[in-house]
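Peer 1: The following file, run03.txt, comprises compact mmCIF, C-alpha atoms:
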```
# COMPACT_ATOMS: atom_id res chain seq x y z
CA MET W 1 0.00 0.00 0.00
CA GLY W 2 3.01 2.21 -0.38
CA PHE W 3 1.52 4.13 -3.25
CA PHE W 4 -0.92 5.98 -1.06
CA THR W 5 -0.23 9.63 -0.62
CA LYS W 6 -2.09 12.20 1.41
CA SER W 7 -3.90 13.90 -1.45
CA GLU W 8 -5.22 10.66 -2.89
CA GLU W 9 -6.46 9.59 0.47
CA GLU W 10 -8.56 12.68 0.71
CA THR W 11 -10.24 12.16 -2.61
CA THR W 12 -11.05 8.50 -2.21
CA SER W 13 -11.23 7.48 1.36
CA VAL W 14 -14.22 9.25 2.83
CA PRO W 15 -16.81 6.52 3.21
CA PRO W 16 -20.51 7.23 2.77
CA ASN W 17 -22.13 8.13 6.05
CA LYS W 18 -25.40 6.83 7.35
CA ALA W 19 -27.59 9.26 5.43
CA LYS W 20 -25.73 8.63 2.19
CA ARG W 21 -25.93 4.91 2.71
CA GLN W 22 -29.67 5.15 3.16
CA VAL W 23 -30.07 7.19 -0.01
CA CYS W 24 -28.01 4.64 -1.88
CA TRP W 25 -29.96 1.69 -0.52
CA ASP W 26 -33.27 3.33 -1.34
CA SER W 27 -32.37 3.99 -4.94
CA ARG W 28 -30.95 0.48 -5.16
CA ASP W 29 -34.23 -0.98 -3.96
CA LYS W 30 -36.19 1.06 -6.52
CA PHE W 31 -33.91 -0.03 -9.34
CA PHE W 32 -34.10 -3.66 -8.25
CA ALA W 33 -37.87 -3.53 -7.99
CA CYS W 34 -37.95 -2.35 -11.59
CA LEU W 35 -35.65 -5.20 -12.61
CA THR W 36 -37.88 -7.73 -10.88
CA GLU W 37 -40.94 -6.26 -12.59
CA ASN W 38 -39.28 -6.68 -15.96
CA LYS W 39 -37.99 -10.14 -15.11
CA ILE W 40 -34.33 -9.20 -15.42
CA ASP W 41 -32.11 -11.45 -13.34
CA ASN W 42 -28.58 -10.40 -14.15
CA SER W 43 -28.48 -6.68 -14.74
CA LEU W 44 -24.74 -6.86 -15.44
CA ASP W 45 -25.14 -9.29 -18.33
CA ALA W 46 -23.80 -7.57 -21.44
CA LYS W 47 -26.42 -9.24 -23.63
CA ILE W 48 -29.39 -7.70 -21.86
CA LEU W 49 -27.75 -4.42 -20.94
CA SER W 50 -29.76 -2.58 -23.59
CA LYS W 51 -32.97 -3.99 -22.17
CA VAL W 52 -31.98 -2.82 -18.69
CA ASP W 53 -31.27 0.66 -19.95
CA LYS W 54 -34.53 0.74 -21.89
CA GLN W 55 -36.78 -0.49 -19.08
CA CYS W 56 -35.10 0.90 -15.97
CA GLY W 57 -32.61 3.36 -17.38
CA ASP W 58 -33.60 6.34 -15.22
CA LEU W 59 -33.57 4.35 -12.02
CA LYS W 60 -30.24 2.86 -12.97
CA VAL W 61 -28.68 6.27 -13.47
CA GLU W 62 -30.07 7.41 -10.14
CA PHE W 63 -28.75 4.29 -8.46
CA GLU W 64 -25.31 4.83 -9.97
CA ASN W 65 -25.25 8.45 -8.91
CA ASN W 66 -26.27 7.75 -5.35
CA CYS W 67 -23.90 4.86 -4.70
CA VAL W 68 -20.17 4.44 -4.71
CA LYS W 69 -18.95 2.72 -7.84
CA SER W 70 -17.81 -0.44 -6.12
CA TRP W 71 -21.18 -0.79 -4.43
CA VAL W 72 -23.07 -0.47 -7.73
CA LYS W 73 -21.26 -3.50 -9.05
CA TYR W 74 -21.43 -5.36 -5.75
CA PHE W 75 -25.16 -4.94 -5.24
CA GLN W 76 -25.99 -6.11 -8.75
CA GLU W 77 -23.74 -9.14 -8.42
CA LYS W 78 -25.21 -9.92 -5.06
CA ARG W 79 -28.77 -9.66 -6.35
CA PHE W 80 -28.03 -12.15 -9.12
CA ASN W 81 -26.24 -14.56 -6.78
CA ASP W 82 -29.04 -14.39 -4.26
CA LEU W 83 -31.62 -15.04 -6.94
CA VAL W 84 -29.72 -18.07 -8.21
CA ARG W 85 -29.31 -19.37 -4.72
CA GLN W 86 -32.93 -18.77 -3.78
CA ARG W 87 -34.12 -20.61 -6.88
CA TYR W 88 -31.80 -23.51 -6.14
CA ILE W 89 -33.14 -23.78 -2.60
CA GLU W 90 -36.70 -23.65 -3.90
CA LYS W 91 -35.91 -26.37 -6.38
CA LEU W 92 -34.40 -28.58 -3.70
CA GLU W 93 -37.31 -27.99 -1.38
CA ALA W 94 -39.74 -28.84 -4.16
CA GLU W 95 -37.90 -32.13 -4.46
CA GLY W 96 -38.51 -32.74 -0.79
CA ALA W 97 -35.18 -31.70 0.66
CA LYS W 98 -35.18 -30.42 4.21
CA PRO W 99 -32.70 -27.96 5.69
CA LEU W 100 -30.18 -29.49 8.04
CA PRO W 101 -30.84 -28.75 11.68
CA ILE W 102 -27.35 -27.36 12.06
CA LYS W 103 -26.79 -23.91 13.34
CA LEU W 104 -23.46 -22.30 13.91
CA GLU W 105 -24.68 -20.68 17.08
CA SER W 106 -24.80 -23.55 19.48
CA SER W 107 -22.07 -23.17 22.00
CA THR W 108 -24.17 -21.63 24.75
CA ARG W 109 -27.25 -23.60 23.95
CA ARG W 110 -27.82 -27.25 24.59
CA GLU W 111 -27.89 -29.49 21.57
CA PRO W 112 -31.32 -30.95 21.00
CA MET M 1 -44.54 -29.23 57.26
CA LEU M 2 -41.63 -29.62 59.60
CA LEU M 3 -43.57 -28.05 62.43
CA ASN M 4 -46.32 -30.53 61.94
CA ARG M 5 -44.00 -33.42 62.16
CA ILE M 6 -42.58 -32.77 65.59
CA PRO M 7 -45.69 -33.40 67.66
CA VAL M 8 -46.45 -36.53 65.66
CA ARG M 9 -43.05 -37.84 66.57
CA THR M 10 -43.52 -37.12 70.22
CA THR M 11 -46.80 -38.99 70.24
CA ILE M 12 -45.15 -41.99 68.61
CA LEU M 13 -42.41 -41.79 71.18
CA ARG M 14 -44.89 -41.61 73.94
CA SER M 15 -46.80 -44.54 72.64
CA VAL M 16 -43.62 -46.55 72.61
CA LEU M 17 -42.97 -45.47 76.16
CA VAL M 18 -46.43 -46.47 77.20
CA ARG M 19 -45.94 -49.79 75.59
CA SER M 20 -42.66 -50.41 77.28
CA GLN M 21 -44.18 -49.50 80.60
CA LEU M 22 -46.86 -51.98 79.94
CA LEU M 23 -44.29 -54.51 78.97
CA LYS M 24 -42.56 -54.00 82.25
CA SER M 25 -45.69 -54.87 84.11
CA THR M 26 -46.64 -57.81 81.96
CA PRO M 27 -43.68 -60.01 81.21
CA VAL M 28 -45.73 -62.64 79.44
CA PHE M 29 -47.02 -60.19 76.90
CA ALA M 30 -43.60 -58.78 76.48
CA LYS M 31 -42.29 -61.95 74.97
CA ARG M 32 -44.99 -61.97 72.36
CA CYS M 33 -44.72 -58.33 71.44
CA LEU M 34 -40.96 -57.95 71.36
CA ALA M 35 -40.63 -58.34 67.64
CA SER M 36 -42.88 -55.37 66.99
CA THR M 37 -41.10 -52.95 69.34
CA LEU M 38 -37.69 -51.47 68.89
CA ILE M 39 -36.39 -52.49 72.27
CA LYS M 40 -33.60 -55.01 72.23
CA PRO M 41 -34.75 -58.40 73.49
CA GLN M 42 -31.78 -58.76 75.82
CA GLU M 43 -32.51 -55.58 77.75
CA VAL M 44 -36.21 -55.91 78.27
CA PRO M 45 -36.39 -59.21 80.08
CA LYS M 46 -33.67 -58.05 82.51
CA SER M 47 -35.50 -54.90 83.53
CA THR M 48 -38.83 -56.62 83.75
CA ALA M 49 -37.34 -59.27 85.93
CA ASN M 50 -36.12 -56.58 88.34
CA GLU M 51 -39.15 -54.35 88.39
CA SER M 52 -42.07 -56.65 87.91
CA SER M 53 -42.36 -57.28 91.60
CA THR M 54 -42.01 -53.58 92.54
CA SER M 55 -44.71 -52.11 90.30
CA PRO M 56 -48.06 -52.45 91.96
CA LYS M 57 -50.10 -50.84 89.22
CA LYS M 58 -51.58 -53.29 86.86
CA ARG M 59 -53.83 -52.09 84.18
CA PRO M 60 -55.61 -54.22 81.67
CA LEU M 61 -54.18 -53.80 78.22
CA SER M 62 -57.42 -53.26 76.41
CA ARG M 63 -58.12 -49.96 78.20
CA VAL M 64 -55.03 -48.23 76.92
CA ALA M 65 -55.41 -46.93 73.42
CA ILE M 66 -52.53 -48.04 71.27
CA GLY M 67 -50.80 -45.15 69.57
CA GLY M 68 -51.41 -42.65 72.33
CA THR M 69 -53.48 -42.00 75.39
CA GLY M 70 -55.68 -39.00 76.03
CA SER M 71 -52.88 -37.22 77.79
CA ALA M 72 -50.55 -37.75 74.86
CA ALA M 73 -53.03 -36.15 72.50
CA LYS M 74 -53.37 -33.17 74.83
CA TYR M 75 -49.62 -32.85 75.04
CA ALA M 76 -49.29 -32.81 71.28
CA SER M 77 -51.98 -30.22 70.63
CA LYS M 78 -50.66 -27.91 73.33
CA ASN M 79 -47.11 -27.85 72.06
CA SER M 80 -47.58 -27.88 68.32
CA VAL M 81 -48.20 -24.78 66.29
CA GLU M 82 -51.54 -25.04 64.63
CA PHE M 83 -50.67 -25.17 61.01
CA ALA M 84 -53.45 -25.32 58.49
CA ALA M 85 -52.86 -27.54 55.52
CA TRP M 86 -53.28 -24.81 52.97
CA LYS M 87 -50.60 -22.74 54.62
CA ALA M 88 -48.27 -25.68 54.48
CA VAL M 89 -49.03 -26.20 50.81
CA MET M 90 -48.42 -22.54 50.10
CA LEU M 91 -45.14 -22.61 51.95
CA LEU M 92 -44.07 -25.71 50.06
CA LEU M 93 -44.98 -24.16 46.74
CA VAL M 94 -43.16 -20.92 47.46
CA LEU M 95 -40.05 -22.52 48.88
CA GLY M 96 -40.04 -25.33 46.35
CA GLY M 97 -40.64 -22.99 43.45
CA GLY M 98 -37.93 -20.64 44.63
CA ALA M 99 -35.47 -23.45 45.12
CA THR M 100 -36.25 -24.97 41.72
CA TYR M 101 -35.78 -21.64 39.98
CA TYR M 102 -32.52 -20.99 41.80
CA PHE M 103 -31.06 -24.40 41.15
CA SER M 104 -32.04 -24.51 37.51
CA LYS M 105 -30.35 -21.13 37.04
CA GLU M 106 -27.31 -22.26 38.96
CA LYS M 107 -27.20 -25.46 36.95
CA GLU M 108 -27.11 -23.56 33.67
CA ARG M 109 -24.36 -21.34 35.01
CA LEU M 110 -22.29 -24.30 36.10
CA ARG M 111 -22.85 -25.92 32.74
CA ILE M 112 -21.42 -22.91 30.91
CA GLN M 113 -18.56 -22.69 33.37
CA LYS M 114 -17.80 -26.34 32.84
CA GLU M 115 -17.95 -25.92 29.11
CA VAL M 116 -15.58 -22.97 29.18
CA GLU M 117 -13.33 -24.88 31.57
CA SER M 118 -13.29 -27.97 29.37
CA LYS M 119 -12.35 -25.87 26.38
CA ARG M 120 -9.60 -24.32 28.45
CA SER M 121 -8.17 -27.66 29.40
CA TYR M 122 -7.51 -28.53 25.76
CA GLY M 123 -5.12 -25.63 25.71
CA LYS M 124 -5.61 -22.01 24.88
CA PRO M 125 -8.10 -21.28 22.14
CA LEU M 126 -6.41 -20.39 18.92
CA ILE M 127 -8.46 -17.23 18.55
CA GLY M 128 -7.10 -13.96 19.84
CA GLY M 129 -3.64 -12.91 20.86
CA PRO M 130 -1.29 -10.00 20.86
CA PHE M 131 -1.85 -7.16 18.43
CA ASN M 132 -0.46 -3.69 18.21
CA LEU M 133 -2.78 -1.12 16.68
CA ILE M 134 -3.79 2.50 17.19
CA ASP M 135 -7.23 3.67 18.25
CA ASP M 136 -9.35 6.38 16.67
CA ASN M 137 -7.60 9.04 18.75
CA GLY M 138 -4.22 7.91 17.49
CA GLN M 139 -3.26 6.26 20.79
CA PRO M 140 -1.67 2.81 20.87
CA PHE M 141 -4.08 -0.02 21.60
CA THR M 142 -2.95 -3.58 22.27
CA GLN M 143 -4.46 -6.76 23.66
CA GLU M 144 -3.48 -5.47 27.12
CA ASN M 145 -6.26 -2.89 26.80
CA LEU M 146 -8.78 -5.73 26.81
CA LYS M 147 -7.70 -6.79 30.28
CA ASN M 148 -9.28 -5.29 33.39
CA ASP M 149 -10.34 -6.17 36.91
CA LYS M 150 -13.92 -5.00 36.47
CA LYS M 151 -14.99 -8.17 34.65
CA GLN M 152 -15.65 -6.03 31.61
CA PHE M 153 -15.85 -8.16 28.49
CA SER M 154 -15.00 -6.86 25.05
CA ILE M 155 -16.60 -7.56 21.72
CA ILE M 156 -14.50 -7.27 18.58
CA TYR M 157 -15.69 -6.81 15.04
CA PHE M 158 -13.63 -6.68 11.87
CA GLY M 159 -14.84 -4.62 8.96
CA PHE M 160 -14.09 -1.61 6.80
CA THR M 161 -15.76 1.74 6.42
CA HIS M 162 -16.56 1.37 2.73
CA CYS M 163 -18.48 -1.80 3.43
CA PRO M 164 -21.69 -1.71 1.37
CA ASP M 165 -24.31 -3.48 3.45
CA VAL M 166 -23.11 -6.21 5.79
CA CYS M 167 -20.92 -4.18 8.13
CA PRO M 168 -23.45 -1.37 8.64
CA ASP M 169 -26.11 -3.96 9.43
CA GLU M 170 -23.84 -5.78 11.83
CA LEU M 171 -22.69 -2.57 13.50
CA ASP M 172 -26.32 -1.49 13.91
CA LYS M 173 -26.88 -4.85 15.57
CA LEU M 174 -23.89 -4.20 17.80
CA GLY M 175 -25.36 -0.83 18.78
CA ASP M 176 -28.68 -2.51 19.63
CA MET M 177 -26.93 -5.14 21.70
CA LEU M 178 -24.90 -2.56 23.59
CA ASN M 179 -28.00 -0.51 24.38
CA GLU M 180 -29.98 -3.51 25.49
CA LEU M 181 -27.19 -4.88 27.68
CA LYS M 182 -26.83 -1.49 29.28
CA SER M 183 -30.51 -0.81 29.86
CA LYS M 184 -31.67 -4.29 30.85
CA ASN M 185 -28.65 -5.82 32.56
CA ASN M 186 -26.49 -2.80 33.30
CA ILE M 187 -23.59 -4.41 31.49
CA ASP M 188 -20.95 -2.26 29.85
CA LEU M 189 -19.06 -3.98 27.10
CA LEU M 190 -15.92 -2.69 25.48
CA PRO M 191 -16.86 -2.68 21.79
CA ILE M 192 -14.00 -2.63 19.32
CA PHE M 193 -14.02 -2.23 15.56
CA ILE M 194 -10.86 -3.27 13.72
CA THR M 195 -10.53 -2.23 10.12
CA CYS M 196 -9.42 -4.64 7.42
CA ASP M 197 -8.70 -1.75 5.09
CA PRO M 198 -5.94 0.28 6.75
CA ALA M 199 -5.01 1.92 3.45
CA ARG M 200 -8.20 3.97 3.39
CA ASP M 201 -9.36 3.85 7.01
CA SER M 202 -7.41 6.41 9.00
CA PRO M 203 -8.22 6.98 12.70
CA GLU M 204 -10.21 10.12 11.81
CA ILE M 205 -12.29 8.37 9.20
CA ILE M 206 -13.03 5.45 11.48
CA LYS M 207 -14.00 7.79 14.28
CA GLU M 208 -16.39 9.66 12.02
CA TYR M 209 -17.79 6.41 10.67
CA LEU M 210 -18.47 4.87 14.08
CA THR M 211 -20.46 7.83 15.39
CA ASP M 212 -23.32 6.53 13.23
CA PHE M 213 -23.56 3.37 15.29
CA HIS M 214 -22.69 3.76 18.95
CA PRO M 215 -20.62 6.35 20.83
CA SER M 216 -18.70 3.75 22.83
CA ILE M 217 -17.25 1.79 19.91
CA ILE M 218 -13.48 2.11 19.65
CA GLY M 219 -12.08 1.93 16.14
CA LEU M 220 -8.64 0.44 15.56
CA THR M 221 -6.33 0.66 12.64
CA GLY M 222 -2.60 0.42 12.05
CA THR M 223 -0.06 -0.38 9.42
CA TYR M 224 -1.00 -2.97 6.85
CA GLU M 225 1.32 -5.51 8.49
CA GLU M 226 -0.06 -4.94 11.98
CA VAL M 227 -3.65 -5.16 10.81
CA LYS M 228 -2.88 -8.32 8.92
CA LYS M 229 -1.25 -9.77 12.01
CA ALA M 230 -4.26 -8.88 14.18
CA CYS M 231 -6.62 -10.44 11.64
CA LYS M 232 -4.52 -13.56 11.61
CA GLN M 233 -4.68 -13.81 15.40
CA TYR M 234 -8.46 -13.76 15.20
CA ARG M 235 -8.56 -16.09 12.23
CA VAL M 236 -10.13 -13.38 10.15
CA TYR M 237 -9.73 -13.81 6.45
CA PHE M 238 -9.61 -10.69 4.36
CA SER M 239 -8.50 -9.84 0.87
CA THR M 240 -7.77 -6.46 -0.59
CA PRO M 241 -7.68 -6.41 -4.39
CA GLN M 242 -4.12 -6.59 -5.66
CA ASP M 243 -4.11 -4.16 -8.52
CA VAL M 244 -5.78 -1.12 -6.99
CA LYS M 245 -4.92 2.10 -8.73
CA PRO M 246 -4.61 5.21 -6.60
CA GLY M 247 -8.01 6.71 -6.03
CA GLN M 248 -9.85 3.66 -7.25
CA ASP M 249 -12.82 2.49 -5.30
CA TYR M 250 -12.73 -1.13 -4.17
CA LEU M 251 -14.29 -3.54 -1.72
CA VAL M 252 -12.59 -5.78 0.82
CA ASP M 253 -13.74 -9.33 1.34
CA HIS M 254 -13.62 -10.38 4.92
CA SER M 255 -15.16 -12.89 7.30
CA ILE M 256 -17.84 -11.55 9.61
CA PHE M 257 -18.02 -12.49 13.26
CA PHE M 258 -18.29 -10.80 16.58
CA TYR M 259 -15.64 -12.12 18.94
CA LEU M 260 -16.55 -12.05 22.61
CA MET M 261 -13.45 -11.74 24.81
CA ASP M 262 -13.37 -11.95 28.58
CA SER M 263 -11.75 -9.44 30.91
CA GLU M 264 -8.49 -11.42 30.81
CA GLY M 265 -8.27 -11.01 27.04
CA ASN M 266 -9.21 -14.63 26.32
CA PHE M 267 -11.56 -15.68 23.60
CA VAL M 268 -15.00 -16.76 24.85
CA ASP M 269 -17.38 -17.13 21.94
CA VAL M 270 -18.41 -15.87 18.53
CA ILE M 271 -21.66 -14.30 17.45
CA GLY M 272 -22.42 -14.91 13.82
CA ARG M 273 -24.51 -13.02 11.34
CA GLU M 274 -27.51 -15.31 11.67
CA ALA M 275 -27.93 -14.44 15.35
CA ASP M 276 -30.11 -11.41 15.90
CA ALA M 277 -29.48 -8.78 18.56
CA LYS M 278 -31.66 -10.56 21.12
CA GLU M 279 -29.81 -13.85 20.76
CA GLY M 280 -26.51 -12.04 20.90
CA VAL M 281 -27.48 -10.25 24.10
CA GLU M 282 -28.57 -13.51 25.69
CA LYS M 283 -25.30 -15.16 24.76
CA ILE M 284 -23.19 -12.32 26.09
CA ARG M 285 -25.21 -12.05 29.28
CA SER M 286 -24.95 -15.76 30.08
CA HIS M 287 -21.21 -15.79 29.46
CA ILE M 288 -20.60 -12.78 31.66
CA ASP M 289 -22.79 -14.33 34.33
CA ALA M 290 -20.77 -17.54 34.26
CA PHE M 291 -17.37 -15.90 34.15
CA ILE M 292 -14.90 -16.65 36.93
CA PRO M 293 -11.59 -14.79 37.09
CA GLU M 294 -8.46 -16.89 36.86
CA ALA M 295 -7.43 -16.35 40.48
CA GLU M 296 -10.76 -17.63 41.72
CA ARG M 297 -10.59 -20.56 39.33
CA GLU M 298 -7.23 -21.59 40.76
CA LYS M 299 -8.54 -21.22 44.27
CA ARG M 300 -11.49 -23.44 43.47
CA LYS M 301 -9.24 -26.13 42.10
CA ASP M 302 -7.27 -26.30 45.33
CA SER M 303 -10.23 -26.04 47.64
CA TRP M 304 -11.70 -29.16 49.27
CA LEU M 305 -14.98 -28.29 47.54
CA SER M 306 -13.33 -28.72 44.14
CA PHE M 307 -15.38 -31.85 43.42
CA LEU M 308 -18.43 -29.61 43.11
CA TYR M 309 -17.06 -28.01 39.98
CA LYS M 310 -15.95 -31.17 38.25
```
Take the structure from the file and write it as structure tokens.

Peer 2:
Amino acid sequence: MGFFTKSEEETTSVPPNKAKRQVCWDSRDKFFACLTENKIDNSLDAKILSKVDKQCGDLKVEFENNCVKSWVKYFQEKRFNDLVRQRYIEKLEAEGAKPLPIKLESSTRREP
Amino acid sequence: MLLNRIPVRTTILRSVLVRSQLLKSTPVFAKRCLASTLIKPQEVPKSTANESSTSPKKRPLSRVAIGGTGSAAKYASKNSVEFAAWKAVMLLLVLGGGATYYFSKEKERLRIQKEVESKRSYGKPLIGGPFNLIDDNGQPFTQENLKNDKKQFSIIYFGFTHCPDVCPDELDKLGDMLNELKSKNNIDLLPIFITCDPARDSPEIIKEYLTDFHPSIIGLTGTYEEVKKACKQYRVYFSTPQDVKPGQDYLVDHSIFFYLMDSEGNFVDVIGREADAKEGVEKIRSHIDAFIPEAEREKRKDSWLSFLYK
């Protein structure tokens, strides 16, 4: 991390505060609601990028303006991963799979 | 209940006495009845042999009520406290209920103590250890700052200020837990936030960042090497992207756990993301409740009561 100098630190390192985070999350939720409405799963997919811009373009711009760049990418990736995971769980449950009764938090509780 | 029992006993005793007196006067009967009384067969015939001639009083057996005479009943009622049955039942319920509650609580406490002790006997937990960082006022902060005599536990969280959603959620949870512990149990924890992103998170930035969550949280940072060392001690994995250009925005992957440390700086437990604030509070509270300082632990081991804690 030797390349960091004082001036660069000032331009990049101020994290969003609580209010800014909330604004970002709100615009994210609006954008994602639009994606869900238009049945778009992976908003980062280059093939459907034009569709995203056409259907939810305004909300996307707002989302990108209100959030830090790294978060914009992160939230979209996360949404897609969560969707895939959720569908996989639903598929398994439809096949009759049951969640394991294992919980990480067990050290102060008695095992059943 | 106990009060009730005493007079009953005295009447039984008296009835035995009456019987033995009778036996004294009637040696023939004595032989028959011996098996049913507690008096040793060797003693009774001796005494009867001596006294049978001296006692002039001879009463027929059938007139004496077995199990107590009229005078015995009078004696009992005069000396016993009248104790209605419902009062006895109430007393039993209250005492019994109280005792059950106390012992079940104590049992749980001992169970946690035993569990912590058994973990200790395997050797020191591999989580935690020396670190050398600076706090959000620029003052040095090491593992020694976790140690105190006030039985104040600390809770440590690793994160970074640019964290998009998980860290703020978890830190909000930490704030809730701290408030609840304070208001409900009057427990003050020492909350510590250690950054995994020392390149961007200076003491000032961390300080500013933490004001959003709880005023008592202490933020720690340091050189990249020191932070990495601290993370390693706590088995925290984190990765900063390799090819970050100056000024570029990036995220840091890191593992998310709260580490509960006791007032001797030893690792106690973790609180994961799936636990909500209420569960976390319960966990912390029970561990603090069960905590015994090392000196007392040693004393217990040497004491003759040590078997109680095994």

Peer 1: Chain M residues within 8 Å of chain W, counting all atoms listed in the file: which ones, as a PyMOL selection string?

Peer 2: chain M and resi 112+161-162+164+199-201+205+209+212+224+246-251+269+271-272+275+283+286

Peer 1: Generate a file of the selected residues that holds C-alpha atoms, formatted as a compact mmCIF listing (two decimals), in the frame of the given file.

Peer 2:
```txt
# COMPACT_ATOMS: atom_id res chain seq x y z
CA ILE M 112 -21.42 -22.91 30.91
CA THR M 161 -15.76 1.74 6.42
CA HIS M 162 -16.56 1.37 2.73
CA PRO M 164 -21.69 -1.71 1.37
CA ALA M 199 -5.01 1.92 3.45
CA ARG M 200 -8.20 3.97 3.39
CA ASP M 201 -9.36 3.85 7.01
CA ILE M 205 -12.29 8.37 9.20
CA TYR M 209 -17.79 6.41 10.67
CA ASP M 212 -23.32 6.53 13.23
CA TYR M 224 -1.00 -2.97 6.85
CA PRO M 246 -4.61 5.21 -6.60
CA GLY M 247 -8.01 6.71 -6.03
CA GLN M 248 -9.85 3.66 -7.25
CA ASP M 249 -12.82 2.49 -5.30
CA TYR M 250 -12.73 -1.13 -4.17
CA LEU M 251 -14.29 -3.54 -1.72
CA ASP M 269 -17.38 -17.13 21.94
CA ILE M 271 -21.66 -14.30 17.45
CA GLY M 272 -22.42 -14.91 13.82
CA ALA M 275 -27.93 -14.44 15.35
CA LYS M 283 -25.30 -15.16 24.76
CA SER M 286 -24.95 -15.76 30.08
```

Peer 1: Just the number, please: distance in Å from atom CA of M:Thr211 to atom CA of M:Pro168, one decimal.

Peer 2: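 Atom CA of M:Pro168 lies 11.8 Å from atom CA of M:Thr211.
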
Peer 1: Calculate how many Å separate atom CA of W:Glu64 from atom CA of W:Arg28, rounding to one decimal.

Peer 2: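 Computed distance, atom CA of W:Glu64 to atom CA of W:Arg28, equals 8.6 Å.
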
Peer 1: Which distance in Å separates atom CA of M:Cys163 and atom CA of M:Glu208, to one decimal?

Peer 2: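 Between atom CA of M:Cys163 and atom CA of M:Glu208 the gap works out to 14.5 Å.
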
Peer 1: Identify which of the residues M:Glu274, M:Asp149, M:Glu106, M:Asp197 lies closest to M:Ser239, counting all atoms listed in the file when measuring atom-to-atom distances.

Peer 2: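 Looking only at the distances to M:Ser239, the closest residue turns out to be M:Asp197.
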
Peer 1: Looking at M:Val270, M:Ile127, M:Leu190, M:Ala85, which one is nearest to M:Ala230, with distances taken over only C-alpha atoms?

Peer 2: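 Nearest to M:Ala230: M:Ile127.
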